[in-house]
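Structure file input.csv (CSV, C-alpha atoms and all ligand atoms) follows.
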chain,number,residue,atom,x,y,z
A,1,MET,CA,71.4,52.9,76.2
A,2,LYS,CA,69.0,50.1,77.3
A,3,ARG,CA,69.0,49.5,81.0
A,4,ALA,CA,70.7,46.2,81.9
A,5,ASP,CA,68.6,43.3,82.8
A,6,PRO,CA,70.4,41.2,85.5
A,7,THR,CA,68.4,38.2,84.4
A,8,ALA,CA,69.5,38.5,80.7
A,9,GLY,CA,70.2,35.0,79.4
A,10,ALA,CA,69.8,33.2,76.1
A,11,GLY,CA,69.1,35.7,73.3
A,12,ALA,CA,70.6,38.7,75.2
A,13,THR,CA,73.1,40.9,73.3
A,14,THR,CA,76.8,41.0,74.3
A,15,LEU,CA,76.2,44.4,75.9
A,16,GLU,CA,73.4,43.0,78.0
A,17,LEU,CA,75.5,40.1,79.1
A,18,ALA,CA,78.5,42.3,79.9
A,19,ARG,CA,76.3,44.6,82.0
A,20,ALA,CA,74.6,41.6,83.7
A,21,SER,CA,78.0,40.2,84.6
A,22,TYR,CA,79.0,43.5,86.2
A,23,ARG,CA,76.1,43.2,88.6
A,24,GLU,CA,77.1,39.7,89.5
A,25,ILE,CA,80.7,40.5,90.5
A,26,ALA,CA,81.5,40.4,94.2
A,27,LEU,CA,82.8,43.5,95.9
A,28,TYR,CA,86.6,43.6,95.9
A,29,ALA,CA,87.3,42.7,99.5
A,30,PRO,CA,90.7,41.2,100.4
A,31,ASP,CA,91.3,40.6,104.1
A,32,ARG,CA,92.6,43.9,105.4
A,33,ALA,CA,92.2,43.3,109.1
A,34,PRO,CA,95.0,44.9,111.1
A,35,CYS,CA,98.1,42.7,111.7
A,36,ALA,CA,101.4,43.4,113.4
A,37,ILE,CA,103.3,43.0,110.1
A,38,ASP,CA,101.3,43.6,107.0
A,39,LEU,CA,103.0,42.3,103.8
A,40,SER,CA,99.7,41.9,101.9
A,41,ASP,CA,99.3,45.0,99.7
A,42,ASN,CA,102.7,45.8,97.9
A,43,THR,CA,102.8,49.3,99.5
A,44,ASN,CA,105.9,51.1,100.8
A,45,LEU,CA,106.9,49.7,104.2
A,46,PHE,CA,109.5,52.4,104.9
A,47,GLY,CA,107.1,55.1,106.2
A,48,ILE,CA,106.1,58.5,104.7
A,49,PRO,CA,108.5,60.6,102.6
A,50,PRO,CA,109.7,63.5,104.8
A,51,ALA,CA,108.8,66.5,102.6
A,52,ALA,CA,105.3,65.0,102.1
A,53,ARG,CA,104.9,64.6,105.8
A,54,ARG,CA,105.9,68.2,106.4
A,55,GLU,CA,103.4,69.4,103.8
A,56,LEU,CA,100.6,67.4,105.3
A,57,VAL,CA,101.2,68.7,108.8
A,58,GLU,CA,101.9,72.4,108.0
A,59,VAL,CA,99.7,73.1,105.0
A,60,ALA,CA,96.6,71.0,105.8
A,61,THR,CA,94.5,73.7,107.3
A,62,ALA,CA,95.0,76.2,104.5
A,63,THR,CA,93.7,73.9,101.8
A,64,VAL,CA,90.7,72.1,102.9
A,65,THR,CA,88.0,74.7,102.7
A,66,ARG,CA,88.4,75.3,98.9
A,67,TYR,CA,88.1,73.1,95.9
A,68,PRO,CA,91.4,71.8,94.5
A,69,PRO,CA,92.5,72.7,91.0
A,70,LEU,CA,90.2,71.1,88.4
A,71,TYR,CA,92.8,68.9,86.7
A,72,ALA,CA,95.8,69.2,89.0
A,73,GLN,CA,97.9,71.4,86.7
A,74,GLU,CA,100.8,72.0,89.0
A,75,LEU,CA,101.0,68.3,89.9
A,76,LYS,CA,101.0,67.5,86.1
A,77,ARG,CA,104.0,69.8,85.7
A,78,ALA,CA,105.9,68.0,88.4
A,79,LEU,CA,105.0,64.6,87.2
A,80,ALA,CA,105.9,65.5,83.6
A,81,ARG,CA,109.4,66.5,84.8
A,82,TYR,CA,109.7,63.2,86.7
A,83,ALA,CA,108.4,61.1,83.8
A,84,LYS,CA,110.4,63.1,81.2
A,85,VAL,CA,107.4,64.0,79.1
A,86,ARG,CA,105.5,67.2,78.4
A,87,GLU,CA,102.9,68.5,80.8
A,88,SER,CA,100.2,68.1,78.1
A,89,GLU,CA,101.1,64.4,77.9
A,90,ILE,CA,100.2,63.7,81.5
A,91,THR,CA,96.8,63.0,83.2
A,92,THR,CA,96.2,62.3,86.9
A,93,GLY,CA,93.6,60.6,89.0
A,94,CYS,CA,92.4,59.4,92.4
A,95,GLY,CA,95.0,56.6,92.5
A,96,SER,CA,96.0,54.8,89.3
A,97,ASP,CA,92.8,52.7,89.9
A,98,ASP,CA,90.9,55.9,88.8
A,99,VAL,CA,93.2,56.5,85.9
A,100,LEU,CA,92.7,52.9,84.7
A,101,ASP,CA,89.0,53.0,85.1
A,102,SER,CA,88.8,56.3,83.2
A,103,ALA,CA,91.0,55.0,80.4
A,104,ILE,CA,89.0,51.8,80.0
A,105,ARG,CA,85.9,53.9,79.7
A,106,ALA,CA,87.6,56.3,77.3
A,107,PHE,CA,89.0,53.8,74.9
A,108,ALA,CA,86.3,51.1,74.5
A,109,GLU,CA,82.6,51.1,74.1
A,110,PRO,CA,80.3,48.9,76.2
A,111,GLY,CA,80.2,45.4,74.7
A,112,GLU,CA,83.7,45.5,73.3
A,113,LYS,CA,86.6,43.4,74.6
A,114,ILE,CA,89.6,44.2,76.8
A,115,ALA,CA,92.4,41.6,76.6
A,116,PHE,CA,95.0,41.1,79.4
A,117,PRO,CA,97.5,38.5,80.4
A,118,ASP,CA,96.2,36.1,83.1
A,119,PRO,CA,96.9,36.4,86.0
A,120,THR,CA,97.2,40.1,86.4
A,121,PHE,CA,96.0,43.0,88.5
A,122,ALA,CA,92.7,41.8,90.0
A,123,MET,CA,90.9,45.2,89.4
A,124,ILE,CA,91.1,45.0,85.6
A,125,PRO,CA,88.3,42.5,85.0
A,126,ILE,CA,86.3,44.5,87.6
A,127,PHE,CA,86.8,47.8,85.9
A,128,ALA,CA,86.1,46.1,82.6
A,129,ARG,CA,82.7,45.0,83.8
A,130,MET,CA,82.0,48.2,85.6
A,131,ASN,CA,82.3,49.9,82.2
A,132,GLY,CA,80.3,47.2,80.3
A,133,LEU,CA,83.3,45.7,78.6
A,134,VAL,CA,84.0,42.0,78.1
A,135,PRO,CA,87.1,40.9,80.0
A,136,VAL,CA,89.3,38.4,78.0
A,137,PRO,CA,92.1,36.8,80.0
A,138,VAL,CA,95.0,35.4,77.9
A,139,PRO,CA,97.5,32.9,79.4
A,140,HIS,CA,101.1,34.1,79.8
A,141,ARG,CA,103.8,32.2,77.9
A,142,GLU,CA,105.7,29.4,79.6
A,143,ASP,CA,108.5,31.9,80.5
A,144,TRP,CA,105.9,34.3,82.0
A,145,ASP,CA,106.4,36.8,79.2
A,146,ILE,CA,103.1,38.1,77.7
A,147,ASP,CA,101.9,36.3,74.6
A,148,ALA,CA,101.4,39.2,72.1
A,149,GLU,CA,100.1,37.0,69.3
A,150,ALA,CA,97.5,35.3,71.5
A,151,MET,CA,96.4,38.7,72.8
A,152,LEU,CA,96.1,40.1,69.3
A,153,ALA,CA,94.1,37.1,68.2
A,154,THR,CA,91.3,38.1,70.6
A,155,ARG,CA,90.7,41.1,68.3
A,156,ALA,CA,90.0,43.2,71.5
A,157,ARG,CA,89.5,46.9,71.3
A,158,LEU,CA,91.7,47.5,74.3
A,159,PHE,CA,94.8,45.8,75.7
A,160,TYR,CA,96.1,45.9,79.3
A,161,VAL,CA,99.6,44.8,80.3
A,162,CYS,CA,101.0,45.2,83.8
A,163,SER,CA,104.8,45.1,83.9
A,164,PRO,CA,106.1,44.3,86.4
A,165,ASN,CA,103.0,42.2,86.8
A,166,ASN,CA,100.9,42.0,89.9
A,167,PRO,CA,100.7,39.3,91.3
A,168,THR,CA,103.5,37.4,89.5
A,169,ALA,CA,106.2,40.2,89.7
A,170,THR,CA,107.4,39.1,86.3
A,171,THR,CA,107.9,41.5,83.3
A,172,ALA,CA,106.8,41.7,79.8
A,173,SER,CA,109.6,41.7,77.2
A,174,ARG,CA,110.2,44.7,75.0
A,175,GLU,CA,109.9,42.5,71.9
A,176,GLN,CA,106.4,41.2,72.9
A,177,LEU,CA,105.2,44.7,73.9
A,178,GLU,CA,106.5,46.2,70.7
A,179,ARG,CA,104.6,43.6,68.7
A,180,LEU,CA,101.4,44.3,70.6
A,181,ILE,CA,101.7,48.0,70.3
A,182,SER,CA,102.5,48.0,66.6
A,183,GLN,CA,99.7,45.6,65.7
A,184,ALA,CA,96.9,46.4,68.1
A,185,ASN,CA,93.7,47.6,66.6
A,186,GLY,CA,93.1,49.9,69.6
A,187,VAL,CA,94.8,51.4,72.6
A,188,VAL,CA,97.4,49.5,74.7
A,189,ILE,CA,97.6,50.4,78.4
A,190,ILE,CA,100.9,49.5,80.1
A,191,ASP,CA,100.6,49.6,83.9
A,192,GLU,CA,103.9,50.5,85.4
A,193,ALA,CA,102.8,50.7,89.1
A,194,TYR,CA,106.0,48.9,90.1
A,195,ALA,CA,108.4,50.4,87.5
A,196,GLU,CA,110.7,52.1,90.0
A,197,TYR,CA,111.7,48.6,91.2
A,198,ALA,CA,112.4,47.3,87.6
A,199,SER,CA,115.0,48.1,85.0
A,200,ASP,CA,112.8,48.6,81.9
A,201,ARG,CA,110.2,51.3,81.5
A,202,TRP,CA,108.0,52.8,78.8
A,203,ILE,CA,106.6,55.9,80.3
A,204,ASP,CA,108.9,58.4,78.5
A,205,LEU,CA,108.2,56.6,75.2
A,206,ALA,CA,104.4,56.7,75.5
A,207,PRO,CA,103.8,60.0,73.8
A,208,ARG,CA,105.7,58.9,70.7
A,209,HIS,CA,103.2,56.1,70.1
A,210,SER,CA,99.8,57.2,68.9
A,211,ARG,CA,97.9,54.4,70.9
A,212,LEU,CA,100.0,53.8,74.0
A,213,LEU,CA,99.1,55.0,77.5
A,214,VAL,CA,101.4,54.2,80.4
A,215,VAL,CA,99.9,54.3,83.9
A,216,ARG,CA,101.8,55.0,87.1
A,217,THR,CA,101.2,55.6,90.8
A,218,LEU,CA,102.6,57.4,93.8
A,219,SER,CA,101.3,54.5,96.0
A,220,LYS,CA,104.3,52.3,95.8
A,221,ALA,CA,107.9,53.7,95.6
A,222,PHE,CA,106.7,57.1,96.7
A,223,GLY,CA,104.9,55.7,99.8
A,224,LEU,CA,101.7,57.7,99.4
A,225,ALA,CA,99.0,55.0,98.9
A,226,GLY,CA,96.6,56.6,101.3
A,227,LEU,CA,96.6,59.9,99.4
A,228,ARG,CA,95.4,58.2,96.2
A,229,ILE,CA,97.5,59.7,93.4
A,230,GLY,CA,97.9,58.0,90.1
A,231,TYR,CA,98.9,59.4,86.7
A,232,ALA,CA,99.4,58.4,83.1
A,233,ALA,CA,101.5,59.5,80.1
A,234,GLY,CA,100.7,59.2,76.5
A,235,PRO,CA,100.1,61.3,73.4
A,236,GLU,CA,98.0,64.4,73.9
A,237,THR,CA,95.1,62.9,71.9
A,238,LEU,CA,94.8,60.0,74.3
A,239,VAL,CA,95.5,61.9,77.5
A,240,SER,CA,92.8,64.5,76.8
A,241,GLU,CA,90.2,61.7,76.3
A,242,VAL,CA,91.2,60.2,79.7
A,243,GLU,CA,90.8,63.6,81.3
A,244,LYS,CA,87.3,63.9,79.9
A,245,SER,CA,86.2,60.5,81.1
A,246,ARG,CA,87.8,61.1,84.5
A,247,GLY,CA,86.1,64.4,85.3
A,248,PRO,CA,87.4,67.3,87.5
A,249,TYR,CA,88.6,67.5,91.1
A,250,LYS,CA,89.9,63.9,91.3
A,251,VAL,CA,93.1,64.8,93.1
A,252,ASN,CA,92.3,66.3,96.5
A,253,ALA,CA,94.1,69.5,97.7
A,254,LEU,CA,96.0,67.8,100.5
A,255,ALA,CA,97.2,65.0,98.4
A,256,GLU,CA,98.3,67.4,95.7
A,257,ARG,CA,100.4,69.4,98.1
A,258,ALA,CA,102.1,66.3,99.6
A,259,ALA,CA,102.7,64.8,96.2
A,260,LEU,CA,104.3,68.0,94.9
A,261,ALA,CA,106.6,68.1,97.9
A,262,ALA,CA,107.5,64.5,97.5
A,263,LEU,CA,108.3,64.9,93.8
A,264,ARG,CA,110.4,68.0,94.3
A,265,GLU,CA,112.2,67.1,97.5
A,266,ASP,CA,112.0,63.3,98.4
A,267,GLY,CA,113.9,61.9,95.4
A,268,ALA,CA,116.7,60.6,97.6
A,269,TRP,CA,114.3,59.0,100.1
A,270,VAL,CA,112.5,57.2,97.3
A,271,ALA,CA,115.8,56.0,95.7
A,272,GLN,CA,117.0,54.8,99.1
A,273,GLY,CA,113.8,52.9,99.7
A,274,VAL,CA,114.0,51.3,96.2
A,275,ALA,CA,117.7,50.3,96.8
A,276,THR,CA,116.8,48.6,100.1
A,277,VAL,CA,113.9,46.8,98.5
A,278,LEU,CA,116.2,45.4,95.8
A,279,GLU,CA,118.7,44.3,98.4
A,280,ASN,CA,116.1,42.7,100.6
A,281,ARG,CA,114.3,41.1,97.7
A,282,ALA,CA,117.5,39.3,96.6
A,283,LYS,CA,118.1,38.1,100.2
A,284,LEU,CA,114.5,37.1,100.7
A,285,VAL,CA,114.4,35.0,97.5
A,286,THR,CA,117.5,33.2,98.5
A,287,LYS,CA,116.1,32.4,102.0
A,288,LEU,CA,112.8,31.3,100.6
A,289,LYS,CA,114.6,28.9,98.2
A,290,GLY,CA,116.5,27.7,101.3
A,291,LEU,CA,113.2,26.8,102.9
A,292,GLY,CA,112.2,24.8,99.8
A,293,PHE,CA,109.9,27.4,98.1
A,294,SER,CA,110.2,28.4,94.5
A,295,PRO,CA,109.5,32.2,94.1
A,296,LEU,CA,109.0,33.5,90.6
A,297,PRO,CA,111.7,36.0,89.4
A,298,SER,CA,110.7,39.4,90.8
A,299,ALA,CA,111.1,42.8,89.3
A,300,ALA,CA,108.8,44.4,91.8
A,301,ASN,CA,108.6,45.2,95.6
A,302,PHE,CA,106.9,41.8,96.2
A,303,VAL,CA,107.5,38.2,95.5
A,304,LEU,CA,105.0,35.4,94.6
A,305,PHE,CA,105.7,31.8,95.6
A,306,PRO,CA,103.6,28.7,95.2
A,307,VAL,CA,102.3,26.9,98.4
A,308,VAL,CA,100.2,23.8,98.8
A,309,ASP,CA,97.3,25.6,100.5
A,310,ALA,CA,97.3,29.4,100.3
A,311,ALA,CA,94.2,30.0,102.5
A,312,ARG,CA,95.5,27.7,105.3
A,313,THR,CA,99.1,29.1,105.2
A,314,THR,CA,97.8,32.7,105.2
A,315,LYS,CA,95.7,31.9,108.3
A,316,ASP,CA,98.6,30.3,110.0
A,317,LEU,CA,100.9,33.2,109.2
A,318,ARG,CA,98.3,35.7,110.4
A,319,GLN,CA,98.2,33.9,113.8
A,320,ARG,CA,101.9,34.5,114.0
A,321,GLY,CA,101.4,38.3,113.3
A,322,VAL,CA,102.2,38.4,109.6
A,323,ALA,CA,99.7,39.2,106.9
A,324,VAL,CA,100.3,38.1,103.3
A,325,ARG,CA,98.0,38.0,100.2
A,326,PRO,CA,96.8,34.5,99.3
A,327,PHE,CA,96.0,33.4,95.7
A,328,THR,CA,94.2,30.3,94.7
A,329,GLY,CA,93.8,28.6,91.4
A,330,LEU,CA,96.3,30.8,89.5
A,331,PRO,CA,97.0,29.5,86.0
A,332,ARG,CA,100.1,27.3,86.0
A,333,ILE,CA,100.8,28.0,89.7
A,334,ASN,CA,97.6,27.1,91.5
A,335,ASP,CA,97.9,28.3,95.2
A,336,ALA,CA,100.5,31.0,96.0
A,337,LEU,CA,101.4,33.7,98.5
A,338,ARG,CA,102.3,37.2,97.6
A,339,VAL,CA,104.5,39.1,100.1
A,340,SER,CA,105.6,42.8,100.0
A,341,ILE,CA,109.3,43.5,100.5
A,342,GLY,CA,110.0,45.8,103.4
A,343,PRO,CA,112.7,46.4,106.1
A,344,TRP,CA,114.7,43.3,106.9
A,345,GLU,CA,113.1,42.8,110.3
A,346,MET,CA,109.8,42.3,108.6
A,347,MET,CA,111.3,39.8,106.3
A,348,GLU,CA,112.8,38.0,109.2
A,349,ALA,CA,109.4,37.8,110.9
A,350,LEU,CA,108.0,36.3,107.8
A,351,LEU,CA,110.8,33.8,107.5
A,352,THR,CA,110.6,32.8,111.1
A,353,ALA,CA,106.9,32.2,110.8
A,354,LEU,CA,107.3,30.2,107.6
A,355,LYS,CA,110.0,28.1,109.3
A,356,GLU,CA,107.7,27.2,112.1
A,357,LEU,CA,105.0,26.2,109.5
A,358,THR,CA,107.4,24.0,107.5
A,359,ARG,CA,109.0,22.3,110.5
Q,401,LIG,C1,99.4,46.8,89.0
Q,401,LIG,C2,98.7,47.8,89.8
Q,401,LIG,N1,98.1,48.9,89.2
Q,401,LIG,C3,97.4,49.8,89.9
Q,401,LIG,C4,97.3,49.6,91.3
Q,401,LIG,C5,96.5,50.7,92.0
Q,401,LIG,O1,97.3,51.6,92.6
Q,401,LIG,P1,96.7,53.0,93.2
Q,401,LIG,O2,97.0,53.0,94.6
Q,401,LIG,O3,97.5,54.0,92.4
Q,401,LIG,O4,95.3,53.1,92.8
Q,401,LIG,C6,97.9,48.6,92.0
Q,401,LIG,C7,97.7,48.4,93.4
Q,401,LIG,O5,98.1,47.5,94.1
Q,401,LIG,C8,98.6,47.6,91.2
Q,401,LIG,O6,99.1,46.6,91.8
Is it possible to give me this structure as structure tokens?
Amino acid sequence: MKRADPTAGAGATTLELARASYREIALYAPDRAPCAIDLSDNTNLFGIPPAARRELVEVATATVTRYPPLYAQELKRALARYAKVRESEITTGCGSDDVLDSAIRAFAEPGEKIAFPDPTFAMIPIFARMNGLVPVPVPHREDWDIDAEAMLATRARLFYVCSPNNPTATTASREQLERLISQANGVVIIDEAYAEYASDRWIDLAPRHSRLLVVRTLSKAFGLAGLRIGYAAGPETLVSEVEKSRGPYKVNALAERAALAALREDGAWVAQGVATVLENRAKLVTKLKGLGFSPLPSAANFVLFPVVDAARTTKDLRQRGVAVRPFTGLPRINDALRVSIGPWEMMEALLTALKELTR
């Protein structure tokens, strides 16, 4: 393949332009400075699952001197049981970021298009460009459902749908997804990073569709974001391609031991955390509305609500010890804040700070 020319301009091929644009993207660098209460990254604010903690403390020294299993076979077995699919229908990676990156590389060639609803997970256009693809954002419908017809009209090789969607927290309907999956001329990736907080899910259905891959993570409901474990389910033909493009040793030994313990023993802890998030989410939405905000309907462990000046409000909240994620210029919303749902004391701190600002 010809080496990319960052100065490629008029007359350059699509591939050259896609490559050039990858070199121009800024490093992904949200404000991650420490803050007393950090509601900025949609992770689990209820601590570490107990069996995973035990495994990290007790097993750590026995695992670090040797390479981990090549393709995390034991973990695949446990994930298959959790996802209700066969072991051969699961792949894993260093976070679902890695699984998404590997899948994008596996299912489209440099210069081809990946279509996705806009706004969505910020890493998707970045992974697209890292792999030489052309990112094609497609507006959501008025009701925040995905617009399958508009996505299909892009004639993309690859389609990405995040449901519940980061950052809107809204979901894609079954009807629109079915249409996309049945008519797409290529693979559809559904990102279910937040599925444990929602009522609809596709993961167990993925292997029955020849061109559907459903990506998940242990970073959210399972509380293991720092260990970096992601996975995906789909038909064996797709999963084996992702394994090839992912390469070996992506799940480290410690992470695998802790994840196995969490999957086998921490189910009740996860379920309790999810139940508390759903309860606190409903309460927080009511309180935000009481303060005059209009949060979007949330099916995730975070809510998004429009504000007049996201950068300013984020700075003011940080000064009061609360970190949130600002968004500017979102389609149809413009400025907004995204806040993770955690224990009620954290939500109280957010509400108190917001009250001070709206006074
Ligand atoms: C929709 C979505 N997909 C994937 C990820 C990445 O998760 P992981 O920690 O598994 O890499 C995130 C993280 O915030 C996310 O919001």
statement: Using only C-alpha atoms, the shortest atom-to-atom distance to A:Ala108 among A:Thr217, A:Thr313, A:Ser210, A:Ser245 belongs to A:Ser245
message: Could you list, as a VMD selection string, all residues that come within 6 Å of ligand LIG 401 (chain Q)? Count all atoms listed in the file.
response: chain A and resid 95 to 97 121 162 166 191 193 217 219 225 228 to 230
Nearest candidate to A:Ile203 (options A:Ile114, A:Val303, A:Ala232, A:Ala184; using only C-alpha atoms):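 Ranked by minimum distance to A:Ile203, first place goes to A:Ala232.
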message: I'd like the neighbourhood of stretch 337-347 of chain A as a PyMOL selection string, where a residue qualifies if any of its atoms comes within 9 Å (using all atoms listed in the file), though same-chain residues fewer than 5 positions away should be ignored.
response: chain A and resi 37-46+167-168+273+276-278+280-281+284+300-307+310+313-314+322-328+352
query: Hey, what's within 10 Å of A:Gly186 if we count all atoms listed in the file and toss same-chain stuff fewer than 2 positions away? As a PyMOL selection string, please?
result: chain A and resi 107-108+114+155-159+181+183-184+188-189+210-212
With only C-alpha atoms counted and 12 Å as the cut-off, give the residues of stretch 231-316 of chain A in contact with stretch 139-147 of chain A, each with its shortest interatomic distance in Å and the pair that gives it, as JSON lines.
{"residue": "A:Leu296", "atom": "CA", "partner": "A:Trp144", "partner_atom": "CA", "distance": 9.2}
{"residue": "A:Pro297", "atom": "CA", "partner": "A:Trp144", "partner_atom": "CA", "distance": 9.6}
{"residue": "A:Ser298", "atom": "CA", "partner": "A:Trp144", "partner_atom": "CA", "distance": 11.2}
Selected residue, from A:Ala33, A:Ala258, A:Ala51, A:Ala169, that lies nearest to A:Lys315 when counting only C-alpha atoms: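 Result for the nearest residue to A:Lys315: A:Ala33.
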Counting all atoms listed in the file, find the residues whose atoms lie at most 12 Å from (105.8, 58.1, 102.5) (file coordinates) and write them out as an mmCIF file with C-alpha atoms, in the coordinates of the input.
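Result file result26.cif:
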data_model
loop_
_atom_site.group_PDB
_atom_site.id
_atom_site.type_symbol
_atom_site.label_atom_id
_atom_site.label_comp_id
_atom_site.auth_asym_id
_atom_site.auth_seq_id
_atom_site.Cartn_x
_atom_site.Cartn_y
_atom_site.Cartn_z
ATOM 1 C CA THR A 43 102.800 49.300 99.500
ATOM 2 C CA ASN A 44 105.900 51.100 100.800
ATOM 3 C CA LEU A 45 106.900 49.700 104.200
ATOM 4 C CA PHE A 46 109.500 52.400 104.900
ATOM 5 C CA GLY A 47 107.100 55.100 106.200
ATOM 6 C CA ILE A 48 106.100 58.500 104.700
ATOM 7 C CA PRO A 49 108.500 60.600 102.600
ATOM 8 C CA PRO A 50 109.700 63.500 104.800
ATOM 9 C CA ALA A 51 108.800 66.500 102.600
ATOM 10 C CA ALA A 52 105.300 65.000 102.100
ATOM 11 C CA ARG A 53 104.900 64.600 105.800
ATOM 12 C CA ARG A 54 105.900 68.200 106.400
ATOM 13 C CA GLU A 55 103.400 69.400 103.800
ATOM 14 C CA LEU A 56 100.600 67.400 105.300
ATOM 15 C CA LEU A 218 102.600 57.400 93.800
ATOM 16 C CA SER A 219 101.300 54.500 96.000
ATOM 17 C CA LYS A 220 104.300 52.300 95.800
ATOM 18 C CA ALA A 221 107.900 53.700 95.600
ATOM 19 C CA PHE A 222 106.700 57.100 96.700
ATOM 20 C CA GLY A 223 104.900 55.700 99.800
ATOM 21 C CA LEU A 224 101.700 57.700 99.400
ATOM 22 C CA ALA A 225 99.000 55.000 98.900
ATOM 23 C CA GLY A 226 96.600 56.600 101.300
ATOM 24 C CA LEU A 227 96.600 59.900 99.400
ATOM 25 C CA ALA A 255 97.200 65.000 98.400
ATOM 26 C CA ALA A 258 102.100 66.300 99.600
ATOM 27 C CA ALA A 259 102.700 64.800 96.200
ATOM 28 C CA ALA A 261 106.600 68.100 97.900
ATOM 29 C CA ALA A 262 107.500 64.500 97.500
ATOM 30 C CA LEU A 263 108.300 64.900 93.800
ATOM 31 C CA ASP A 266 112.000 63.300 98.400
ATOM 32 C CA GLY A 267 113.900 61.900 95.400
ATOM 33 C CA TRP A 269 114.300 59.000 100.100
ATOM 34 C CA VAL A 270 112.500 57.200 97.300
ATOM 35 C CA GLY A 273 113.800 52.900 99.700
#
field: Separation of atom CA of A:Pro248 from atom CA of A:Arg129 in Å
entry: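 These atoms are spaced 23.1 Å apart.
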- prompt: Of the residues A:Pro164, A:Gly93, A:Pro137, A:Pro295, which is the one nearest to A:Asp118, using all atoms listed in the file?
  reply: A:Pro137
Exercise: A:Ala60 partners within 9 Å, all atoms listed in the file, chain neighbours under 3 positions left out, as a ChimeraX atom specification: /A:55-57,63-64,253-254,257
- request: Could you check which of A:Tyr197, A:Phe293, A:Trp202, A:Tyr249 is closest to A:Ala271, using all atoms listed in the file?
  value: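 Among A:Tyr197, A:Phe293, A:Trp202, A:Tyr249, it is A:Tyr197 that comes nearest to A:Ala271.
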query: From the set A:Leu357, A:Ile126, A:Leu288, A:Ala268, which residue has the shortest atom-to-atom contact distance to A:Glu24, counting only C-alpha atoms?
result: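 Looking only at the distances to A:Glu24, the closest residue turns out to be A:Ile126.
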Neighbour list for A:Arg208 as an mmCIF file with C-alpha atoms, in the coordinates of the input, cut-off 9 Å, only C-alpha atoms, skip fewer than 4 positions in-chain:
data_model
loop_
_atom_site.group_PDB
_atom_site.id
_atom_site.type_symbol
_atom_site.label_atom_id
_atom_site.label_comp_id
_atom_site.auth_asym_id
_atom_site.auth_seq_id
_atom_site.Cartn_x
_atom_site.Cartn_y
_atom_site.Cartn_z
ATOM 1 C CA ASP A 204 108.900 58.400 78.500
ATOM 2 C CA LEU A 212 100.000 53.800 74.000
ATOM 3 C CA GLY A 234 100.700 59.200 76.500
ATOM 4 C CA PRO A 235 100.100 61.300 73.400
#
task: Tell me, as a PyMOL selection string, which residues lie within 9 Å of A:Arg77, counting all atoms listed in the file; anything in the same chain fewer than 5 positions away does not count.
output: chain A and resi 72+82+86-88+90
message: Using Å and a single decimal, report how far atom CA of A:Leu152 sits from atom CA of A:Leu180.
response: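 About the pair atom CA of A:Leu180 and atom CA of A:Leu152: they are 6.9 Å apart.
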